[in-house]
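First the structure, in the form of structure tokens, and then the observations on it.
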Protein chains: 2
Amino acid sequence: MIRSVLVDIEGVLCIGERPIARSLEALALLRQRGAGLRFVTNTTRRTRADIVRQLAAIGFDVALDEVVTGALAARRRIEAEGLRPCLLVHPGLLPDFAGIATDAPNAVVIGDAAEGFTYAAMNAAFRILIDAPGAPLLALANNRYFRAADGLSLDAGPYVAALEYASGARAEAMGKPAAAIFRAALDALKTMPQEALMVGDDLESDIGGARDAGLQTVLVRTGKYRASDESHPMVRADHVADDFHRAVVEVILPRLSS
Amino acid sequence: MIRSVLVDIEGVLCIGERPIARSLEALALLRQRGAGLRFVTNTTRRTRADIVRQLAAIGFDVALDEVVTGALAARRRIEAEGLRPCLLVHPGLLPDFAGIATDAPNAVVIGDAAEGFTYAAMNAAFRILIDAPGAPLLALANNRYFRAADGLSLDAGPYVAALEYASGARAEAMGKPAAAIFRAALDALKTMPQEALMVGDDLESDIGGARDAGLQTVLVRTGKYRASDESHPMVRADHVADDFHRAVVEVILPRLSS
């Protein structure tokens, strides 16, 4: 039986600024039934508050506490261990780390800092890792590159690789498919993995990651879904549904424990 | 029989600004006998002209043509293939690439650019590699870090790793122990590898690299030499000598073909 549902945003609830058909209705059904809910997304430039605003603008009423990002997973880890991170992240993400002590740093959080990836900033991060072997290197993403207005541009992954090569440290991933982000969502919901279900359109990131973390999964045939995802040799979703609404009605509601 | 001798500089001819005992005399002996000579060094911030001046200041009379660096090896490759490189190198090294066309780049040369490793410069290099798969990525060094005045600082290696991770390209090393630098020296001397001998104090870089390139080798017990170098499980020098003078008198002169 399922107590809580984790939902990817882009490609499941909406495509950019357009809600996917009946996804608003599907979400309302889950709320009516009292399911625990978290929206789990791999963004490295927008705060959780930004995401709440953008969802509200297209009709989704989501609370700040319901949005789980790699930054939140990193913040939980920082708080739990009393770490003082050097924040090599995009300026747009800094509000999500408000109130965290960053003096005398003993950890590094790395995202897609873009222009913030100066030689001085990279050296500062490197020196923490080389001076204190075992200092955590928390990676909000490992993507190789993304398409910016002026062309393909380096994402966090290459700079994570640079710090790993220089220091010998191994980065710990915070975003999907890493377990840290699913754990952050489940901890907040006080739900065991086997009582939770992840809905996503990305076979590797959403489905593979959630399965590795012990959750049940539904792959939806929207967003970046491709037919070949249903015959992948390594990753197989527990369920497949045409869209989020069908996932809720056909898969989730019949299994909801509350 | 040996026609040409390749000599490492730091730790073989001198320690910083102090010539090693009798190394001036040893070099004079090689010149008297007409041996082909090249000085093969892994510098990524000083031009070959800088090196000639610094050697002259401590008594070594070395011609510009006799100095072989990773930058020279890269330049030879660029000239041979008509490449137009994006030069992500230290400003101090740029004169060694004077006259090379860099418009519409189709290759990347990467050294320890230090402050020059901006996000914009890294993106420019990345776009060349991703837009033209197979575009050469020539690495002047792969070192992880070095000690700068203000602390340990990132060398070229981490940034090479970043570009490799982002683009999928594999860097080709230009400095020792890579074959490219030995080949640049041998081509200029019109000498076959088996007729050449490398003298060095660095087991991996000088001895291992030269052996892989087919040269004979002498390890000298000066500079960074350590006793354990003589029982290394993987790399073994053909000869070992107490210093450069003993290497010349005991190993090289008896085998010199001219």
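A note on labels: chains of the structure tokens are A, B, ... as shown, every chain counts residues from 1, and ligands are counted from 1 in their shown order.
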
* DSSP on the backbone, then: every residue of stretch 29-107 of chain A marked strand (DSSP E or B), written as a ChimeraX atom specification. => /A:36-41,67-69,85-88,107

Neighbour list for stretch 216-229 of chain B as an mmCIF file with N, CA and C atoms, in the first residue's frame, cut-off 6 Å, only C-alpha atoms, skip fewer than 6 positions in-chain:
data_model
loop_
_atom_site.group_PDB
_atom_site.id
_atom_site.type_symbol
_atom_site.label_atom_id
_atom_site.label_comp_id
_atom_site.auth_asym_id
_atom_site.auth_seq_id
_atom_site.Cartn_x
_atom_site.Cartn_y
_atom_site.Cartn_z
ATOM 1 N N GLY B 11 67.119 19.537 -12.202
ATOM 2 C CA GLY B 11 67.484 18.317 -11.499
ATOM 3 C C GLY B 11 68.575 17.524 -12.196
ATOM 4 N N LEU B 197 69.490 8.905 -26.661
ATOM 5 C CA LEU B 197 69.510 8.573 -25.243
ATOM 6 C C LEU B 197 68.982 9.764 -24.448
ATOM 7 N N MET B 198 68.124 9.474 -23.493
ATOM 8 C CA MET B 198 67.545 10.511 -22.637
ATOM 9 C C MET B 198 68.193 10.453 -21.265
ATOM 10 N N VAL B 199 68.605 11.618 -20.756
ATOM 11 C CA VAL B 199 69.146 11.708 -19.396
ATOM 12 C C VAL B 199 68.144 12.469 -18.539
ATOM 13 N N GLY B 200 67.692 11.861 -17.439
ATOM 14 C CA GLY B 200 66.708 12.541 -16.602
ATOM 15 C C GLY B 200 66.762 12.099 -15.156
ATOM 16 N N ASP B 201 66.102 12.874 -14.307
ATOM 17 C CA ASP B 201 66.046 12.565 -12.868
ATOM 18 C C ASP B 201 64.655 12.107 -12.446
ATOM 19 N N ILE B 207 62.320 8.909 -17.767
ATOM 20 C CA ILE B 207 62.797 7.561 -18.099
ATOM 21 C C ILE B 207 61.675 6.724 -18.709
ATOM 22 N N ALA B 237 65.409 2.173 -15.697
ATOM 23 C CA ALA B 237 66.321 2.863 -16.609
ATOM 24 C C ALA B 237 67.341 1.874 -17.160
ATOM 25 N N ASP B 238 67.819 2.126 -18.401
ATOM 26 C CA ASP B 238 68.865 1.262 -18.961
ATOM 27 C C ASP B 238 70.155 1.419 -18.181
ATOM 28 N N HIS B 239 70.410 2.637 -17.721
ATOM 29 C CA HIS B 239 71.633 2.911 -16.964
ATOM 30 C C HIS B 239 71.294 3.855 -15.815
ATOM 31 N N VAL B 240 72.114 3.819 -14.774
ATOM 32 C CA VAL B 240 71.990 4.773 -13.673
ATOM 33 C C VAL B 240 73.377 5.368 -13.449
ATOM 34 N N ALA B 241 73.440 6.690 -13.227
ATOM 35 C CA ALA B 241 74.732 7.344 -12.981
ATOM 36 C C ALA B 241 74.560 8.350 -11.851
ATOM 37 N N ASP B 242 75.677 8.633 -11.159
ATOM 38 C CA ASP B 242 75.579 9.504 -9.985
ATOM 39 C C ASP B 242 75.115 10.917 -10.346
ATOM 40 N N ASP B 243 75.541 11.393 -11.491
ATOM 41 C CA ASP B 243 75.121 12.738 -11.914
ATOM 42 C C ASP B 243 75.319 12.848 -13.421
#

* Asked: Please, which residues of chain B lie no more than 9 Å from chain A when the count uses only C-alpha atoms, and can they be set out as a count of residues only?
  -> 32

I'd like the contact shell of A:Gly92 - 10 Å cut-off, only C-alpha atoms, skipping same-chain residues fewer than 4 positions apart - returned as a short mmCIF file (atom, residue, chain, number, x, y, z; two decimals) with C-alpha atoms, in the first residue's frame.
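The file below, out.cif, is the result:
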data_model
loop_
_atom_site.label_atom_id
_atom_site.label_comp_id
_atom_site.auth_asym_id
_atom_site.auth_seq_id
_atom_site.Cartn_x
_atom_site.Cartn_y
_atom_site.Cartn_z
CA THR A 44 20.15 24.05 -10.09
CA ARG A 45 19.37 27.69 -10.87
CA ARG A 46 15.95 28.30 -9.38
CA THR A 47 15.04 28.34 -5.71
CA ASP A 50 10.80 30.25 -7.72
CA ASP A 96 17.94 28.22 -0.72
CA ALA A 113 27.85 28.23 -11.09
#

* To do: Write down as JSON, numbers by chain the residues belonging to stretch 14-201 of chain B that are assigned helix (DSSP H, G or I) by DSSP computed on the backbone.
  => {"B": [23, 24, 25, 26, 27, 28, 29, 30, 31, 32, 48, 49, 50, 51, 52, 53, 54, 55, 56, 57, 64, 65, 66, 70, 71, 72, 73, 74, 75, 76, 77, 78, 79, 80, 81, 91, 92, 93, 94, 95, 96, 97, 114, 115, 116, 119, 120, 121, 122, 123, 124, 125, 126, 127, 128, 129, 130, 131, 156, 157, 158, 159, 160, 161, 162, 163, 164, 165, 166, 167, 179, 180, 181, 182, 183, 184, 185, 186, 187, 188, 189, 193, 194, 195]}

Let's have the selection written as a tab-separated table (two decimals), in the first residue's frame, with C-alpha atoms.
chain	number	residue	atom	x	y	z
B	23	SER	CA	77.36	19.59	-15.47
B	24	LEU	CA	78.81	22.52	-17.45
B	25	GLU	CA	81.93	20.45	-18.11
B	26	ALA	CA	79.84	17.41	-19.09
B	27	LEU	CA	77.87	19.44	-21.59
B	28	ALA	CA	81.10	20.79	-23.09
B	29	LEU	CA	82.34	17.21	-23.55
B	30	LEU	CA	79.18	16.29	-25.48
B	31	ARG	CA	79.51	19.36	-27.70
B	32	GLN	CA	83.20	18.59	-28.40
B	48	ARG	CA	61.73	28.60	-24.92
B	49	ALA	CA	63.48	32.00	-25.10
B	50	ASP	CA	62.91	32.44	-21.35
B	51	ILE	CA	64.57	29.09	-20.75
B	52	VAL	CA	67.58	30.00	-22.92
B	53	ARG	CA	68.01	33.24	-20.93
B	54	GLN	CA	67.71	31.52	-17.56
B	55	LEU	CA	70.25	28.86	-18.57
B	56	ALA	CA	72.63	31.53	-19.91
B	57	ALA	CA	72.41	33.39	-16.58
B	64	LEU	CA	66.87	28.46	-28.86
B	65	ASP	CA	66.58	25.57	-31.33
B	66	GLU	CA	67.95	23.20	-28.73
B	70	GLY	CA	55.38	20.59	-24.77
B	71	ALA	CA	54.45	23.88	-26.43
B	72	LEU	CA	56.98	23.20	-29.20
B	73	ALA	CA	55.60	19.68	-29.64
B	74	ALA	CA	52.09	21.16	-29.92
B	75	ARG	CA	53.32	23.78	-32.38
B	76	ARG	CA	54.92	21.13	-34.59
B	77	ARG	CA	51.65	19.17	-34.60
B	78	ILE	CA	49.68	22.33	-35.41
B	79	GLU	CA	52.00	23.22	-38.29
B	80	ALA	CA	52.11	19.69	-39.67
B	81	GLU	CA	48.31	19.45	-39.84
B	91	PRO	CA	49.95	34.35	-21.12
B	92	GLY	CA	53.67	33.81	-20.46
B	93	LEU	CA	53.66	31.03	-23.04
B	94	LEU	CA	51.86	32.85	-25.87
B	95	PRO	CA	55.04	34.05	-27.65
B	96	ASP	CA	55.86	30.39	-28.41
B	97	PHE	CA	52.69	30.31	-30.54
B	114	ALA	CA	45.34	29.92	-14.34
B	115	GLU	CA	43.25	33.11	-14.21
B	116	GLY	CA	42.65	32.55	-17.93
B	119	TYR	CA	33.83	30.21	-17.82
B	120	ALA	CA	33.78	32.03	-21.18
B	121	ALA	CA	37.19	30.67	-22.21
B	122	MET	CA	36.27	27.14	-21.15
B	123	ASN	CA	32.99	27.36	-23.08
B	124	ALA	CA	34.83	28.55	-26.18
B	125	ALA	CA	37.17	25.55	-26.01
B	126	PHE	CA	34.28	23.18	-25.26
B	127	ARG	CA	32.24	24.38	-28.26
B	128	ILE	CA	35.11	23.64	-30.64
B	129	LEU	CA	35.34	20.08	-29.33
B	130	ILE	CA	31.59	19.41	-29.33
B	131	ASP	CA	30.94	21.05	-32.71
B	156	ALA	CA	46.10	22.14	-16.24
B	157	GLY	CA	45.02	18.56	-15.43
B	158	PRO	CA	41.67	19.34	-13.77
B	159	TYR	CA	40.66	21.57	-16.66
B	160	VAL	CA	41.72	18.93	-19.17
B	161	ALA	CA	39.49	16.50	-17.24
B	162	ALA	CA	36.63	19.00	-17.37
B	163	LEU	CA	36.82	19.40	-21.16
B	164	GLU	CA	37.13	15.64	-21.63
B	165	TYR	CA	34.08	15.01	-19.43
B	166	ALA	CA	32.01	17.66	-21.18
B	167	SER	CA	32.87	16.84	-24.78
B	179	ALA	CA	55.80	10.48	-26.95
B	180	ALA	CA	54.99	13.79	-28.71
B	181	ILE	CA	57.75	15.77	-26.98
B	182	PHE	CA	60.43	13.12	-27.58
B	183	ARG	CA	59.33	12.86	-31.20
B	184	ALA	CA	59.61	16.63	-31.63
B	185	ALA	CA	63.18	16.48	-30.34
B	186	LEU	CA	64.17	13.48	-32.49
B	187	ASP	CA	62.57	14.88	-35.66
B	188	ALA	CA	64.60	18.06	-35.29
B	189	LEU	CA	67.78	16.00	-34.82
B	193	PRO	CA	64.81	6.67	-31.30
B	194	GLN	CA	67.20	3.75	-30.96
B	195	GLU	CA	70.12	6.07	-31.76

* To do: Find the residue from A:Leu203, A:Ala98, A:Cys86, A:Ala210 that sits nearest to A:Val40; use only C-alpha atoms when measuring.
  =>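 Nearest to A:Val40: A:Ala210.
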
* To do: Quote the spacing between atom CA of B:Val68 and atom CA of B:Gly99 in Å to one decimal place.
  => 18.2 Å
